[in-house]
Each structure stands twice: as structure tokens, then as C-alpha cells.
$ cat protein_30.txt   # compact mmCIF, C-alpha atoms
# COMPACT_ATOMS: atom_id res chain seq x y z
CA MET T 1 5.60 11.53 -12.15
CA ALA T 2 2.33 13.20 -11.09
CA ILE T 3 1.44 13.99 -14.71
CA LYS T 4 2.08 10.38 -15.72
CA ILE T 5 -0.12 9.06 -12.91
CA ALA T 6 -2.88 11.57 -13.70
CA ALA T 7 -2.72 10.69 -17.41
CA ILE T 8 -3.03 6.98 -16.72
CA GLY T 9 -5.92 7.68 -14.37
CA ILE T 10 -7.79 9.84 -16.87
CA ILE T 11 -7.25 7.39 -19.72
CA THR T 12 -8.46 4.56 -17.50
CA VAL T 13 -11.60 6.42 -16.47
CA VAL T 14 -12.48 7.45 -20.01
CA SER T 15 -11.83 3.94 -21.33
CA ALA T 16 -13.86 2.27 -18.59
CA LEU T 17 -16.76 4.69 -18.97
CA THR T 18 -16.78 4.21 -22.74
CA VAL T 19 -16.90 0.44 -22.46
CA ARG T 20 -19.16 0.26 -19.37
CA SER T 21 -22.45 0.71 -21.24
CA GLU T 22 -21.71 -2.28 -23.47
CA ARG T 23 -19.57 -4.59 -21.30
CA GLN T 24 -19.53 -4.05 -17.53
CA ASP T 25 -17.06 -6.90 -17.02
CA ILE T 26 -14.50 -5.43 -19.43
CA ALA T 27 -14.88 -2.00 -17.79
CA THR T 28 -14.04 -3.56 -14.43
CA VAL T 29 -10.93 -5.20 -15.88
CA ILE T 30 -9.86 -1.87 -17.42
CA ALA T 31 -10.29 -0.12 -14.07
CA ILE T 32 -8.26 -2.73 -12.19
CA ALA T 33 -5.52 -2.71 -14.85
CA GLY T 34 -5.37 1.08 -14.72
CA GLY T 35 -5.03 0.97 -10.94
CA ALA T 36 -2.23 -1.56 -11.24
CA ALA T 37 -0.47 0.63 -13.83
CA VAL T 38 -0.66 3.61 -11.48
CA LEU T 39 0.85 1.54 -8.68
CA MET T 40 3.69 0.42 -10.94
CA CYS T 41 4.53 4.07 -11.58
CA VAL T 42 5.34 4.70 -7.94
CA LEU T 43 7.57 1.67 -7.38
CA ASP T 44 10.69 3.71 -8.15
CA GLY T 45 9.73 6.18 -5.46
CA VAL T 46 9.30 3.37 -2.96
CA THR T 47 12.85 2.14 -3.48
CA GLY T 48 14.14 5.66 -2.86
CA LEU T 49 12.05 5.85 0.30
CA THR T 50 13.42 2.51 1.46
CA ASP T 51 16.98 3.78 1.00
CA MET T 52 16.24 6.93 3.02
CA LEU T 53 14.58 4.95 5.82
CA THR T 54 17.49 2.52 5.94
CA ASP T 55 19.91 5.44 6.20
CA ILE T 56 17.90 6.93 9.07
CA ALA T 57 17.76 3.55 10.81
CA GLU T 58 21.53 3.17 10.57
CA LYS T 59 22.09 6.67 11.97
CA THR T 60 19.76 6.06 14.90
CA GLY T 61 20.91 2.51 15.56
CA ALA T 62 17.46 1.06 14.92
CA GLY T 63 18.77 -1.42 12.36
CA GLY T 64 17.68 -2.34 8.87
CA GLU T 65 15.35 -5.08 10.04
CA LEU T 66 13.03 -2.51 11.60
CA VAL T 67 12.84 -0.59 8.34
CA ALA T 68 12.17 -3.77 6.38
CA TYR T 69 9.37 -4.70 8.76
CA LEU T 70 7.90 -1.19 8.52
CA MET T 71 7.92 -1.44 4.73
CA LYS T 72 6.16 -4.82 4.92
CA VAL T 73 3.41 -3.35 7.10
CA ALA T 74 2.96 -0.38 4.77
CA GLY T 75 3.00 -2.62 1.70
CA ALA T 76 0.38 -4.93 3.20
CA GLY T 77 -1.84 -1.93 3.89
CA TYR T 78 -1.60 -0.70 0.32
CA ILE T 79 -2.23 -4.16 -1.14
CA ILE T 80 -5.30 -4.57 1.06
CA GLU T 81 -6.59 -1.15 0.03
CA PHE T 82 -6.09 -2.03 -3.64
CA ALA T 83 -7.98 -5.31 -3.18
CA CYS T 84 -10.85 -3.46 -1.47
CA GLY T 85 -11.03 -1.00 -4.34
CA ALA T 86 -11.05 -3.81 -6.87
CA ALA T 87 -13.90 -5.56 -5.04
CA GLU T 88 -15.89 -2.32 -4.85
CA GLU T 89 -15.31 -1.68 -8.56
CA ALA T 90 -16.59 -5.19 -9.28
CA LYS T 91 -19.78 -4.27 -7.36
CA MET T 92 -19.04 -6.68 -4.50
CA PRO T 93 -19.33 -4.49 -1.39
CA SER T 94 -19.62 -7.39 1.06
CA LEU T 95 -16.34 -8.84 -0.23
CA ALA T 96 -14.73 -5.40 0.02
CA SER T 97 -15.89 -5.11 3.64
CA SER T 98 -14.53 -8.56 4.46
CA ILE T 99 -11.17 -7.76 2.88
CA SER T 100 -11.06 -4.46 4.76
CA LEU T 101 -11.84 -6.04 8.13
CA ALA T 102 -9.36 -8.88 7.61
CA GLY T 103 -6.75 -6.35 6.51
CA LYS T 104 -7.25 -4.20 9.60
CA ILE T 105 -6.86 -7.23 11.85
CA LEU T 106 -3.74 -8.31 9.95
CA LEU T 107 -2.20 -4.84 10.19
CA LEU T 108 -2.92 -4.72 13.92
CA CYS T 109 -1.21 -8.08 14.37
CA MET T 110 1.75 -6.86 12.33
CA THR T 111 2.15 -3.56 14.20
CA VAL T 112 2.17 -4.92 17.76
CA PRO T 113 5.67 -6.45 17.39
CA LEU T 114 6.78 -3.21 15.72
CA LEU T 115 5.62 -1.22 18.74
CA GLY T 116 7.55 -3.61 20.98
CA LYS T 117 10.73 -3.06 18.98
CA LEU T 118 10.27 0.71 19.09
CA ALA T 119 9.77 0.58 22.86
CA ASP T 120 13.00 -1.43 23.18
CA ILE T 121 14.87 1.19 21.14
CA VAL T 122 13.51 4.05 23.26
CA ILE T 123 14.41 2.25 26.50
CA GLU T 124 17.91 1.54 25.16
CA LEU T 125 18.37 5.20 24.16
CA LEU T 126 17.19 6.42 27.56
CA ALA T 127 19.55 4.03 29.31
CA GLN T 128 22.52 5.41 27.34
CA SER T 129 21.91 9.01 28.38
$ encode --input "protein_30.txt" --output "C-alpha cells"
Amino acid sequence: MAIKIAAIGIITVVSALTVRSERQDIATVIAIAGGAAVLMCVLDGVTGLTDMLTDIAEKTGAGGELVAYLMKVAGAGYIIEFACGAAEEAKMPSLASSISLAGKILLLCMTVPLLGKLADIVIELLAQS
């Protein structure tokens, strides 16, 4: 998997650098497409991770909904990071900063309920012992 990701990355960089002197816009599209291709490579690993987290949640009594919510928060973070990178590659740093700030606020809003659920689980576990 690592070799595949590295190969896609190297091919993307070489292609974008080759085209960049003639067509900056096409080089940006190549870079974004290469980034998307790299992300697609790791989707299989994410499903395996989801299965492991669900198994852990069932063993601890946390429930599958907590794992699903955790995956949503992590996924949102990665999507926001990808969008920031795309904006930076397109030479739009102010847009990248706006996306980053909005993403941080969104992730904070998403994690507060998660912290509440985790506190409930800890309190429930302490009450059982």
C-alpha cells in the first residue's frame, strides 16, 4: 500500500511540475486529482479500522453509534484538510485559511457531544464497580 501511495505521489508531482511551466491551471488539477487518488487508496484501510473500532466498542459497551460518530469527526477533519491543501495549491491562501478556521470550529462543535458521551460511559463504568 505504501509503495502504491508513494508511486501515485511521485507521478503526480512529476506530472504537475512538467505541465506547470506551460499551464498552471492544468498543473493544479493534476495535483488535486493525484491527492484524491491517494485518498482513494486508503479507503480499504478505513473500513478495516471501522470494523476494529466497532469491535472494541462492543466489548467495552460503548456502542456502535459512538464509533460511527468518531469516524464522522475524523472524516470531516480529513476532508477539511484536503480542501485546505487544494486551496493552497490553487494559490488561494486566504480561502485556505477560511476553510481551516471554519473546519476547526466545526470539529470543535462536533467533539463536544462526543466528550459528553465519553463522560457518560466513564461515569457508568465507575458506578458498576
$ atom_distance --input "protein_30.txt" --atom1 "atom CA of T:Glu81" --atom2 "atom CA of T:Arg23"
25.2 Å
$ residues_around --input "protein_30.txt" --residues "stretch 34-41 of chain T" --least-positions-apart "2" --cutoff "8 Å" --atoms "all atoms listed in the file" --output "list in words"
Met1, Lys4, Ile5, Ile8, Gly9, Thr12, Ile30, Ala31, Ile32, Leu43, Asp44 and Phe82 of chain T
$ closest_residue --input "protein_30.txt" --among "T:Ala87, T:Ile10, T:Ala2, T:Leu107" --to "T:Lys72" --atoms "all atoms listed in the file"
T:Leu107
$ closest_residue --input "protein_30.txt" --among "T:Ile3, T:Leu115, T:Asp120, T:Ser98" --to "T:Leu70" --atoms "only C-alpha atoms"
T:Leu115
$ atom_distance --input "protein_30.txt" --atom1 "atom CA of T:Ile56" --atom2 "atom CA of T:Lys104"
27.5 Å
$ residues_around --input "protein_30.txt" --residues "T:Leu101" --least-positions-apart "4" --cutoff "12 Å" --atoms "all atoms listed in the file" --output "list in words"
Gly77, Ile80, Glu81, Ala83, Cys84, Ser94, Leu95, Ala96, Ser97, Ile105, Leu106, Leu107 and Leu108 of chain T
$ atom_distance --input "protein_30.txt" --atom1 "atom CA of T:Val67" --atom2 "atom CA of T:Ala119"
14.9 Å
$ build_atoms --input "protein_30.txt" --residues "stretch 34-57 of chain T" --atoms "N, CA, C and O atoms" --output "CSV table (one decimal), in the coordinates of the input"
chain,number,residue,atom,x,y,z
T,34,GLY,N,-5.8,-0.3,-14.9
T,34,GLY,CA,-5.4,1.1,-14.7
T,34,GLY,C,-4.8,1.4,-13.3
T,34,GLY,O,-3.8,2.0,-13.2
T,35,GLY,N,-5.5,0.8,-12.3
T,35,GLY,CA,-5.0,1.0,-10.9
T,35,GLY,C,-3.7,0.3,-10.7
T,35,GLY,O,-2.8,0.9,-10.1
T,36,ALA,N,-3.5,-0.9,-11.3
T,36,ALA,CA,-2.2,-1.6,-11.2
T,36,ALA,C,-1.1,-0.8,-11.9
T,36,ALA,O,0.0,-0.7,-11.5
T,37,ALA,N,-1.5,-0.2,-13.1
T,37,ALA,CA,-0.5,0.6,-13.8
T,37,ALA,C,0.0,1.8,-13.0
T,37,ALA,O,1.2,2.2,-13.0
T,38,VAL,N,-1.0,2.5,-12.3
T,38,VAL,CA,-0.7,3.6,-11.5
T,38,VAL,C,0.3,3.2,-10.4
T,38,VAL,O,1.3,3.9,-10.0
T,39,LEU,N,0.0,2.0,-9.8
T,39,LEU,CA,0.8,1.5,-8.7
T,39,LEU,C,2.3,1.2,-9.2
T,39,LEU,O,3.2,1.5,-8.5
T,40,MET,N,2.4,0.7,-10.4
T,40,MET,CA,3.7,0.4,-10.9
T,40,MET,C,4.5,1.7,-11.1
T,40,MET,O,5.7,1.7,-11.0
T,41,CYS,N,3.8,2.8,-11.4
T,41,CYS,CA,4.5,4.1,-11.6
T,41,CYS,C,5.3,4.5,-10.3
T,41,CYS,O,6.3,5.2,-10.4
T,42,VAL,N,4.7,4.2,-9.2
T,42,VAL,CA,5.3,4.7,-7.9
T,42,VAL,C,6.4,3.8,-7.3
T,42,VAL,O,6.9,4.1,-6.3
T,43,LEU,N,6.6,2.6,-7.9
T,43,LEU,CA,7.6,1.7,-7.4
T,43,LEU,C,9.0,2.2,-7.3
T,43,LEU,O,9.7,2.0,-6.3
T,44,ASP,N,9.4,3.1,-8.2
T,44,ASP,CA,10.7,3.7,-8.2
T,44,ASP,C,10.8,4.6,-6.9
T,44,ASP,O,11.8,4.6,-6.3
T,45,GLY,N,9.7,5.3,-6.6
T,45,GLY,CA,9.7,6.2,-5.5
T,45,GLY,C,9.8,5.4,-4.2
T,45,GLY,O,10.4,5.8,-3.2
T,46,VAL,N,9.3,4.2,-4.1
T,46,VAL,CA,9.3,3.4,-3.0
T,46,VAL,C,10.7,2.9,-2.7
T,46,VAL,O,11.2,2.9,-1.5
T,47,THR,N,11.5,2.6,-3.7
T,47,THR,CA,12.8,2.1,-3.5
T,47,THR,C,13.7,3.3,-2.9
T,47,THR,O,14.5,3.1,-2.1
T,48,GLY,N,13.4,4.5,-3.4
T,48,GLY,CA,14.1,5.7,-2.9
T,48,GLY,C,13.8,5.9,-1.4
T,48,GLY,O,14.6,6.2,-0.6
T,49,LEU,N,12.5,5.7,-1.1
T,49,LEU,CA,12.0,5.8,0.3
T,49,LEU,C,12.7,4.8,1.2
T,49,LEU,O,13.1,5.1,2.3
T,50,THR,N,12.8,3.6,0.7
T,50,THR,CA,13.4,2.5,1.5
T,50,THR,C,14.9,2.9,1.8
T,50,THR,O,15.3,2.6,2.9
T,51,ASP,N,15.6,3.4,0.8
T,51,ASP,CA,17.0,3.8,1.0
T,51,ASP,C,17.1,4.9,2.1
T,51,ASP,O,18.0,4.8,2.9
T,52,MET,N,16.2,5.9,2.0
T,52,MET,CA,16.2,6.9,3.0
T,52,MET,C,15.9,6.4,4.4
T,52,MET,O,16.6,6.8,5.4
T,53,LEU,N,14.9,5.5,4.5
T,53,LEU,CA,14.6,5.0,5.8
T,53,LEU,C,15.7,4.1,6.4
T,53,LEU,O,16.0,4.1,7.6
T,54,THR,N,16.4,3.3,5.5
T,54,THR,CA,17.5,2.5,5.9
T,54,THR,C,18.6,3.4,6.5
T,54,THR,O,19.3,3.1,7.5
T,55,ASP,N,18.9,4.5,5.8
T,55,ASP,CA,19.9,5.4,6.2
T,55,ASP,C,19.6,6.0,7.6
T,55,ASP,O,20.4,6.1,8.5
T,56,ILE,N,18.3,6.4,7.8
T,56,ILE,CA,17.9,6.9,9.1
T,56,ILE,C,18.0,5.9,10.2
T,56,ILE,O,18.5,6.1,11.3
T,57,ALA,N,17.7,4.6,9.8
T,57,ALA,CA,17.8,3.6,10.8
T,57,ALA,C,19.2,3.3,11.2
T,57,ALA,O,19.5,3.1,12.4
